[in-house]
Structures are given as structure tokens and as C-alpha cells.
Amino acid sequence: MFSRWGAFVYRRRRIVLLLTLVIAAASSTLAAGAAGQLSAGGWLDPNSESAQVSDRLQAEFGGGRSAYLAVIHADETGADARSEDFQTAIGATVAKLLDDPRVTGVTGYAETRDDRFISIDGSSAYVVIGLDMSDDQSVEAVGSLRPLLAPPAGYQVGLTGFGPVQEESSRLSEEDLQRAEVISLPIAALVLVLVFASIVAAGMPLLVAGLAIPTSLAIISLLARQTEMSIYVLNIATMLGLALAIDYSLFITSRFREELAKGRTVEQAVTIAIGTAGKAVLFSGIAVAIGLSGLLWFKATALSSIGLGGAAVVVCSVFFSLTFLPALLGVLGSRVNALSVGGLLRRFGLGRSAGSPASAPRASRWEQVAHAVMRRPIAVLIPVLGALFIAGSPFFRLQQGVPDASIFPAGIPSRDAWVALQTEFRPGEISPITILLDTTADPTDSATVQAVMDYAAALEALPGIDRVEGPFALTNPATGAALTAAEVAQLYAAPADALPPQLEAARTALQSAYIRDNLVRLDAISPFEPSRPEGTVVVPQVRAVQPGAGIERVQVGGVAAGSEDFLVAQNERLPWAVGTTLLASAIVLFLLFGSLAIPLKAVLMTLLSLSASFGALVWIFQEGNLHEFLNFDPIGYTIAGNPIIMFAVLIGLSMDYEVLLLSRVQEAYRRTGNNTAAVAEGLARTAGVITGAAMVMVVVFASFALADIITIKSIGVGMAIAVLLDATVVRVLLVPATMRLLGDWNWWAPGILGRFADRLGFSHVEDEAEATAGQDTAAPGTGPAVAPA
């Protein structure tokens, strides 16, 4: 089937080239606007309790409008933020903003005399800038509203909140992407030149990447118009697009050149390359897509959108590798070897199989390594497994947190302002744990007030709660003593004209902020940052507090609750995501090789290499090792979602090399029937290509270690380590050792399953025999080694 596709593309190579170029060109316009369609949010499970609280707050308390937070500092040491001069400076800073119709007002110390707006040391203050727009609209408004902040001489202002953070997140993501491309592409090009020993051949993978990436981004742009897509899709899609497109086209181009070196015609070389390497590319792409589809189990769009975007990248990489590339190779013919740098190739020992005739075989260094490993498989297996386990052991100390603006580097204005709010002001004021209480009677009658006060007292007794704010936390202005439930109920029941104006205003404000019909809102203030593990662990304790009679239902929300719900939903769906991904990948390998042992071995080998990279992720980014070398500020936890994103990507990429290596091993085994010789031959024939492909992937992924955003930096470093281990330790040591121990059992399957796989035909080796079988009916003009242009 694949050989016939290769022959079809060759015979219609000019039409295929034209169509694929038109598709890529048409995608460029959509690709250019992809970044503007993406979101920095998506960390909320839409079906969670915290999401329901958010929806009810919007509906009942008039939420849904966005706001900015402005932090004002004085250059003068020891300034008093409560002073008239300081408050006047704040008024001058926001004066122009208040003239803008999009701004609904400014709330701070001057308006409330509430110390929550003053820093702990009293030297700085913040104000809340209300906006008549949604969060998404506030992102677009940042560019026009931020310049209206005009602090007088001697004062500095920092703007943060959803809009400023999102705006700078998009900018940083694009800058990280451009930096990675500028660094990785030249190095990848150099690696390809060393692998192919030809500048023209080295250009093939880069051309495929140049078509696949913009087409992928165009699809992502279309998807983002229908569903929320994470801003990190942009970086991960480009990262994957470069790696996969280059790898897939490297495999096919290498096999094409190898067949030309054997004296095959151009059509035969294209047909064999697609029938063998092309089949491996398709199944590898399916494996990668299956891995990424595991992210669709998660309801939070920060994860599921990466699965969608990644799948688009895989489809485009495979599409252009199986259409544009063989068509171009058919046009070029032996000219693919033009501009040779063979001397460099021999010096580095790469790509020998692509340029050496099969009639002159000799034991390569890779064959010698394979035979050495297979002579003592146990002696190799045990220490390697031990080393991988030790490398992966830090993963047992994993602690996850949902990221906030602190993941940006110091010096980013929205990040610095956010960190100042978290560290310099009273803890928990910005992001309280919000509790909604549904009462069975009027919230202001004496019995209900007592029930709410008792519940609030139980919350305040928790170790992670400093205090609880609500409508009934009132004190007697004369004595300073807290009012009893009966006194509070009496206060709320009193006619408006029976209360002093100041007390009536206070009562009205409390009712407006905390009471709607039979709904009461409480704000629990925790000293812990809501994104950190110690902040989220408070939420289950709050939810465990049982309300008394008179309270029908309790719902807990807020930033910390949203983070906790995300982590709980992730852990609940994690076994399904991992299990279905591994099972589907194993099924794909079974269909390709017709063996039960190979899929099981491949899954175990992949998990081993993943465990080591996960250990590195925790050791470096959670525990802060190498933070100076990698230029980041440790945040003390692993960013939630990163391990499962890495798993979803790497499970497929690992199968990438597994499919390529074992395809050549299977070819040799079916030809010779000797398992040991087949493993050595397969490793020798693919080691150069796999080494080159791995070097390209490591370069691409490692270039994202220069990213400013820790989310992308940690994914890049973790995946670079995983690919390096997979292409070296796993493929060179563990695969030969385990295949030697299994012997002919490598290719065994129970009768009914074996017949099923054989009937499907995917496990059949499509090689030169199939390609040459059809030469009698080949189209005219397929004979010369240099195809007509």
C-alpha cells in the first residue's frame, strides 16, 4: 500500500508539489494571526465547584467586569502611604484614567480607609481600577490605558491583573519563540549537513518544516476561534513542528539516498523510501498523535488545547513528509546529493549507510556496540536500569502548583507588581477563598446569623486561615467587642431612618457586598499564596468544615480553590489519559510489527526514559538546582500540567525512534531469520539517522531553555533530556539487551492475533522486492537516476 502511494506521488510529482505549496501559502495569512487568538487562561475545570462559584458570583453579585491593580511606590525611603501627600500622588497617577469612559472607578485607601490597600511596612499602596469590559477585552485595552497612568515625580507605578499579565504573556511567548528559532534553526541545519554530507539533502527537512509549521499554526488559529486555546500552544506547536517535520523528512530522505546508492532508479528509490521509511513515519505520526490525544481527557483547556494543537502539528508534518517531500525527491533525483561535504561526514562518522553501497558491508562501530551489548545483556541491563531509577527518583518529591505571574522573569512590570502584592501586602487580601452559603431562611434573622457566625468561627480555627470577612463580622464602636448574633440581626432589621447615617451606610455596603436573597458570601483570608501547594492544601480543609442548621449548601471558590480543583480533576483523569495512550500506542506497534513483545517492551522502555526526565524536571525546576545556569528564579513547585504535557509529547516521540529502528530490524529478521544479527544490522543502519534526528530534536527543545517563561523553559529542558536518553541509553543499550534476551520471542504473537495482524498487512515488509515488482508497468521516464526537472 505504501509502496503504491510512493509510486503514485512520483508519477504526479509536479502536481503534488504545486498543490502542497498552494496549501502552505494559503495558510500563511491565518498563521500570522494565530498568537492573537490564544489565551493565557484555561486552568479552570469548567465543571468544578470553583467554576460554579465564579458563575454565581457573576450572576448574583454583578461580577463579570474586569479590573486592573496598580501598585504605587515612592522613591523616598520611609514614605507613609497613608499620608495626604501620598494619597494625592495616587490621585494624580490615576486622574487621566478616570476620564476614560471604559474606567468605572478607582478604589483604594482614600476611598475606604481600609488598611488592606497599604503595604505591611506602610511605604506603598495599591488601588483597584474598575473596568467596564470583560477580562478578554481588558487585554486589548492595556496598550491604550496603561499610558494614562501618570505618577508624579518621585513615584513609580506598576500595573497588573488579568489584562496586563495576559498581554505580557503573549509578548513573552512570541519573543521566546523567535529566540528559539533563531538559535535552533542554524544548529539544526549544521547537524543535517553533517548527517547527509550534502547541503541540498540537508535542505529537504528544513523545507518540510517550513511548510508544516505555518500550516499547523493556521489550523490552530481556526481552532482558537471555536474554543479556548492556550498561549503555550504556540511554543509547543513550533517546538514539535520543527522536531517532527525535520525528523520525518530526515528518515525518508536518508532511505531515498540509500536506495539511490544501491543503483535503484529514482522511481524505485522513492517507492522504497515511502514503502519503508514512509510507513514508519505514518505509524510514528499516529503514535505521536495518540500521545497528544491523551490530553483531551482533561477538561481544562490549558491542557486539552495543547493536545488539539499538537495533533494539528503531527498531521501537517506527516502530510508534507508523505506528499511534498517524495515529490521533490522525485524531481531532484540524484541531484539531492549535490553540494557534497563528504569529508566532514566521514570525520564525524554520521550517515554512513546513506552513502555506502550495500555491496560493501562492514562492521560499523554501531554494530560492534550492539554485539558487545548482546554478548552480556544482563550486565548491561541491570546497571542502566539502576541509573535510570536513580535519575527518576526526585519525581517522588513532586509538588504541583497552578502558575501565576511569578513564572515570568523579574523585570516584567506585571510580574513585579503581582509579586509585590503577594509579598509586601497583607497575605491573602488579593485572592481570598470565597465561600457561598445558601441559607434555609432569611440570612439576617437571628438563627441564621448565628449559624453563619459559627461556621465562620470554625473556618477561622483552621491552621491555614487568618480570618473570615463577611456581613456579620461587626464590632461595637463604643466597646470594640464583637456583636452577638441577636445584635447583628437587630441591626439589619432596624429601619434605615433609625440608624445613624454612618452606620446605615456601613450596613448597606455589607449587604451589597455579601448578601443576595438567601445567599451569603464569606471571604476566608489565607496567608499562603493561592498558586502554591501550601495554598491549595487549605481548600480541602475548608470544604471539610460542616455547616450547622440553617445552612443548606456550601460552595468554595476563589483562586486557591480553582487551583485545587484543577489538580484534583487532573489526578482523577490522569490514569485514563496515561492508560489509553499507552494501550493505543501498543496497539499501533502491534499492527505495525505483528508482535506482542515489541509493544510491551517499547512501552516499558519509554516509561524508563520518561522517569529520568521527570526526575530532572523536579530536581531542576521545583528544587531550584542549576537555576543560575538556566537563568530562572525557583518557584518551589512543579508547574501543574507540565508532567502530563511532557508525557503526552514524549510517549509519541519515543515511539518515533522505536518504529524507525525496529522497522529496519524487522526487515533484516525477515530476510535472515537471525534475531541477533538483525538487531545489530538494524542498529547499524539507523544509528546515524537516529543520532542525527535526536541531535536535531535536542537542539530544538534545548533552545527553549532560553525562554523567559518557566512553563516553556521547563518543558524544553525536560524533553531535551528525555530525547537524549531515549536515543542513546534506551536505543543503543536497552533495546539490544532486551531483544537479545527475548530472542525469537520478539516476533511472536498468539495465533489469532498473529493472523489478524498478517491479514491487515501493515506488518509486512515493503522493500525493494515490492518496488521492483511494479517496474514493468512503471510510467515512462522512470529509468534515469537523475529525474527530469
# chains A, B, ... in the order shown; residues from 1 in each chain; ligands from 1
>>> residues_around(residues="stretch 286-294 of chain A", least_positions_apart="6", cutoff="7 Å", atoms="only C-alpha atoms", output="VMD selection string")
chain A and resid 307 310 to 311 314 577 to 578 581 584 to 585 588 648 to 649 651 to 653 655
>>> write_last_selection(atoms="N, CA and C atoms", output="PDB file, in the first residue's frame")
ATOM      1  N   GLY A 307      -3.236  19.386  23.343  1.00  0.00           N
ATOM      2  CA  GLY A 307      -3.475  18.145  22.614  1.00  0.00           C
ATOM      3  C   GLY A 307      -4.003  18.401  21.218  1.00  0.00           C
ATOM      4  N   GLY A 310      -1.165  20.131  19.149  1.00  0.00           N
ATOM      5  CA  GLY A 310      -0.118  19.165  18.828  1.00  0.00           C
ATOM      6  C   GLY A 310      -0.546  18.186  17.765  1.00  0.00           C
ATOM      7  N   ALA A 311      -1.808  17.739  17.831  1.00  0.00           N
ATOM      8  CA  ALA A 311      -2.315  16.816  16.808  1.00  0.00           C
ATOM      9  C   ALA A 311      -2.298  17.476  15.433  1.00  0.00           C
ATOM     10  N   VAL A 314       1.207  17.269  14.106  1.00  0.00           N
ATOM     11  CA  VAL A 314       1.546  15.919  13.640  1.00  0.00           C
ATOM     12  C   VAL A 314       0.944  15.666  12.267  1.00  0.00           C
ATOM     13  N   ALA A 577      -5.932   8.995  30.955  1.00  0.00           N
ATOM     14  CA  ALA A 577      -5.101   9.585  29.899  1.00  0.00           C
ATOM     15  C   ALA A 577      -3.863   8.734  29.643  1.00  0.00           C
ATOM     16  N   VAL A 578      -3.190   8.340  30.725  1.00  0.00           N
ATOM     17  CA  VAL A 578      -1.967   7.536  30.578  1.00  0.00           C
ATOM     18  C   VAL A 578      -2.307   6.143  30.058  1.00  0.00           C
ATOM     19  N   THR A 581      -3.490   6.084  26.372  1.00  0.00           N
ATOM     20  CA  THR A 581      -2.376   6.443  25.486  1.00  0.00           C
ATOM     21  C   THR A 581      -1.416   5.278  25.318  1.00  0.00           C
ATOM     22  N   ALA A 584      -3.222   2.448  23.316  1.00  0.00           N
ATOM     23  CA  ALA A 584      -3.360   2.750  21.895  1.00  0.00           C
ATOM     24  C   ALA A 584      -2.004   2.697  21.193  1.00  0.00           C
ATOM     25  N   SER A 585      -0.948   3.190  21.845  1.00  0.00           N
ATOM     26  CA  SER A 585       0.389   3.135  21.251  1.00  0.00           C
ATOM     27  C   SER A 585       0.835   1.690  21.072  1.00  0.00           C
ATOM     28  N   VAL A 588      -0.921   0.207  18.057  1.00  0.00           N
ATOM     29  CA  VAL A 588      -0.323   0.663  16.803  1.00  0.00           C
ATOM     30  C   VAL A 588       0.955  -0.117  16.504  1.00  0.00           C
ATOM     31  N   ALA A 648       2.601  13.231  27.244  1.00  0.00           N
ATOM     32  CA  ALA A 648       1.823  13.111  26.015  1.00  0.00           C
ATOM     33  C   ALA A 648       2.693  13.304  24.777  1.00  0.00           C
ATOM     34  N   VAL A 649       3.628  14.247  24.857  1.00  0.00           N
ATOM     35  CA  VAL A 649       4.509  14.507  23.708  1.00  0.00           C
ATOM     36  C   VAL A 649       5.560  13.411  23.577  1.00  0.00           C
ATOM     37  N   ILE A 651       5.766  10.317  24.788  1.00  0.00           N
ATOM     38  CA  ILE A 651       5.367   8.936  24.519  1.00  0.00           C
ATOM     39  C   ILE A 651       5.335   8.691  23.019  1.00  0.00           C
ATOM     40  N   GLY A 652       4.902   9.701  22.272  1.00  0.00           N
ATOM     41  CA  GLY A 652       4.874   9.574  20.814  1.00  0.00           C
ATOM     42  C   GLY A 652       6.252   9.705  20.196  1.00  0.00           C
ATOM     43  N   LEU A 653       7.042  10.667  20.682  1.00  0.00           N
ATOM     44  CA  LEU A 653       8.380  10.859  20.129  1.00  0.00           C
ATOM     45  C   LEU A 653       9.260   9.642  20.381  1.00  0.00           C
ATOM     46  N   MET A 655       8.214   6.575  20.536  1.00  0.00           N
ATOM     47  CA  MET A 655       7.795   5.577  19.547  1.00  0.00           C
ATOM     48  C   MET A 655       8.370   5.897  18.163  1.00  0.00           C
TER      49      MET A 655
END
>>> residues_around(residues="stretch 85-92 of chain A", least_positions_apart="5", cutoff="7 Å", atoms="only C-alpha atoms", output="ChimeraX atom specification")
/A:80,110,151-152
>>> closest_residue(among="A:Glu367, A:Glu111, A:Asp454, A:Glu529", to="A:Ala405", atoms="only C-alpha atoms")
A:Glu529
>>> select_by_dssp(residues="stretch 32-244 of chain A", states="helix (DSSP H, G or I)", output="MDAnalysis selection string")
chainID A and resid 32 35:37 49:61 84:98 109:112 115:117 135:148 162:196 199:224 232:244
>>> residues_around(residues="A:Ala51", least_positions_apart="4", cutoff="9 Å", atoms="only C-alpha atoms", output="mmCIF file with C-alpha atoms, in the first residue's frame")
data_model
loop_
_atom_site.group_PDB
_atom_site.id
_atom_site.type_symbol
_atom_site.label_atom_id
_atom_site.label_comp_id
_atom_site.auth_asym_id
_atom_site.auth_seq_id
_atom_site.Cartn_x
_atom_site.Cartn_y
_atom_site.Cartn_z
ATOM 1 C CA LEU A 44 -10.131 26.192 35.442
ATOM 2 C CA ASP A 45 -12.136 22.983 35.219
ATOM 3 C CA PRO A 46 -15.476 24.278 33.839
ATOM 4 C CA ASN A 47 -17.447 21.665 35.789
ATOM 5 C CA ASP A 55 -20.506 31.788 37.706
ATOM 6 C CA ARG A 56 -22.720 32.503 40.713
ATOM 7 C CA GLY A 557 -14.293 29.062 45.211
ATOM 8 C CA GLY A 558 -11.543 31.568 44.586
ATOM 9 C CA GLY A 562 -9.653 26.815 41.296
ATOM 10 C CA ASP A 565 -9.972 21.722 41.563
#
>>> residues_around(residues="A:Arg543", least_positions_apart="4", cutoff="10 Å", atoms="only C-alpha atoms", output="VMD selection string")
chain A and resid 435 459 538 to 539 547 554 to 557 561
>>> write_last_selection(atoms="N, CA, C and O atoms", output="compact mmCIF listing (two decimals), in the first residue's frame")
# COMPACT_ATOMS: atom_id res chain seq x y z
N ILE A 435 -16.44 31.72 49.89
CA ILE A 435 -17.41 30.69 50.26
C ILE A 435 -18.82 31.24 50.08
O ILE A 435 -19.13 32.35 50.54
N LEU A 459 -14.13 28.11 60.48
CA LEU A 459 -13.12 28.36 59.45
C LEU A 459 -11.90 29.05 60.03
O LEU A 459 -10.75 28.71 59.70
N VAL A 538 -5.13 24.13 51.70
CA VAL A 538 -6.09 24.67 52.65
C VAL A 538 -7.53 24.42 52.19
O VAL A 538 -8.44 24.25 53.02
N VAL A 539 -7.73 24.37 50.88
CA VAL A 539 -9.10 24.27 50.34
C VAL A 539 -9.83 23.02 50.80
O VAL A 539 -10.99 23.10 51.23
N PRO A 547 -21.38 22.81 57.92
CA PRO A 547 -22.22 23.91 58.39
C PRO A 547 -23.29 23.41 59.35
O PRO A 547 -23.66 22.23 59.34
N VAL A 554 -23.00 24.65 50.91
CA VAL A 554 -21.76 25.42 50.97
C VAL A 554 -20.98 25.16 49.69
O VAL A 554 -20.80 24.00 49.28
N GLN A 555 -20.51 26.22 49.04
CA GLN A 555 -19.64 26.09 47.86
C GLN A 555 -18.40 26.95 48.08
O GLN A 555 -18.50 28.09 48.54
N VAL A 556 -17.25 26.38 47.74
CA VAL A 556 -15.97 27.05 47.97
C VAL A 556 -15.32 27.37 46.63
O VAL A 556 -15.20 26.50 45.76
N GLY A 557 -14.94 28.63 46.45
CA GLY A 557 -14.29 29.06 45.21
C GLY A 557 -13.12 29.98 45.49
O GLY A 557 -12.59 30.02 46.59
N ALA A 561 -9.04 27.67 45.35
CA ALA A 561 -9.97 26.58 45.08
C ALA A 561 -9.93 26.16 43.61
O ALA A 561 -10.01 24.97 43.29
>>> closest_residue(among="A:Thr440, A:Gln622, A:Ser249, A:Gln268", to="A:Phe320", atoms="only C-alpha atoms")
A:Ser249
>>> select_by_dssp(residues="stretch 444-647 of chain A", states="strand (DSSP E or B)", output="ChimeraX atom specification")
/A:467-469,475,482,515-516,519-525,551-557,638-639
>>> write_last_selection(atoms="C-alpha atoms", output="compact mmCIF listing (two decimals), in the first residue's frame")
# COMPACT_ATOMS: atom_id res chain seq x y z
CA ARG A 467 -9.66 35.49 59.43
CA VAL A 468 -13.03 35.39 57.71
CA GLU A 469 -14.72 38.50 56.36
CA THR A 475 -18.00 45.27 66.43
CA ALA A 482 -17.94 41.76 68.63
CA ILE A 515 -25.87 39.15 50.81
CA ARG A 516 -28.27 38.30 47.96
CA LEU A 519 -27.21 33.68 49.60
CA VAL A 520 -24.37 34.79 51.89
CA ARG A 521 -20.80 35.31 50.75
CA LEU A 522 -17.78 34.91 53.02
CA ASP A 523 -14.11 35.65 52.22
CA ALA A 524 -11.58 33.48 54.05
CA ILE A 525 -8.16 35.14 54.17
CA ILE A 551 -27.23 26.49 56.02
CA GLU A 552 -28.45 24.32 53.16
CA ARG A 553 -25.40 24.28 50.89
CA VAL A 554 -21.76 25.42 50.97
CA GLN A 555 -19.64 26.09 47.86
CA VAL A 556 -15.97 27.05 47.97
CA GLY A 557 -14.29 29.06 45.21
CA THR A 638 6.45 21.99 39.50
CA ILE A 639 4.03 23.77 37.21
>>> closest_residue(among="A:Glu76, A:Glu84, A:Glu681, A:Asp442", to="A:Leu661", atoms="only C-alpha atoms")
A:Glu681
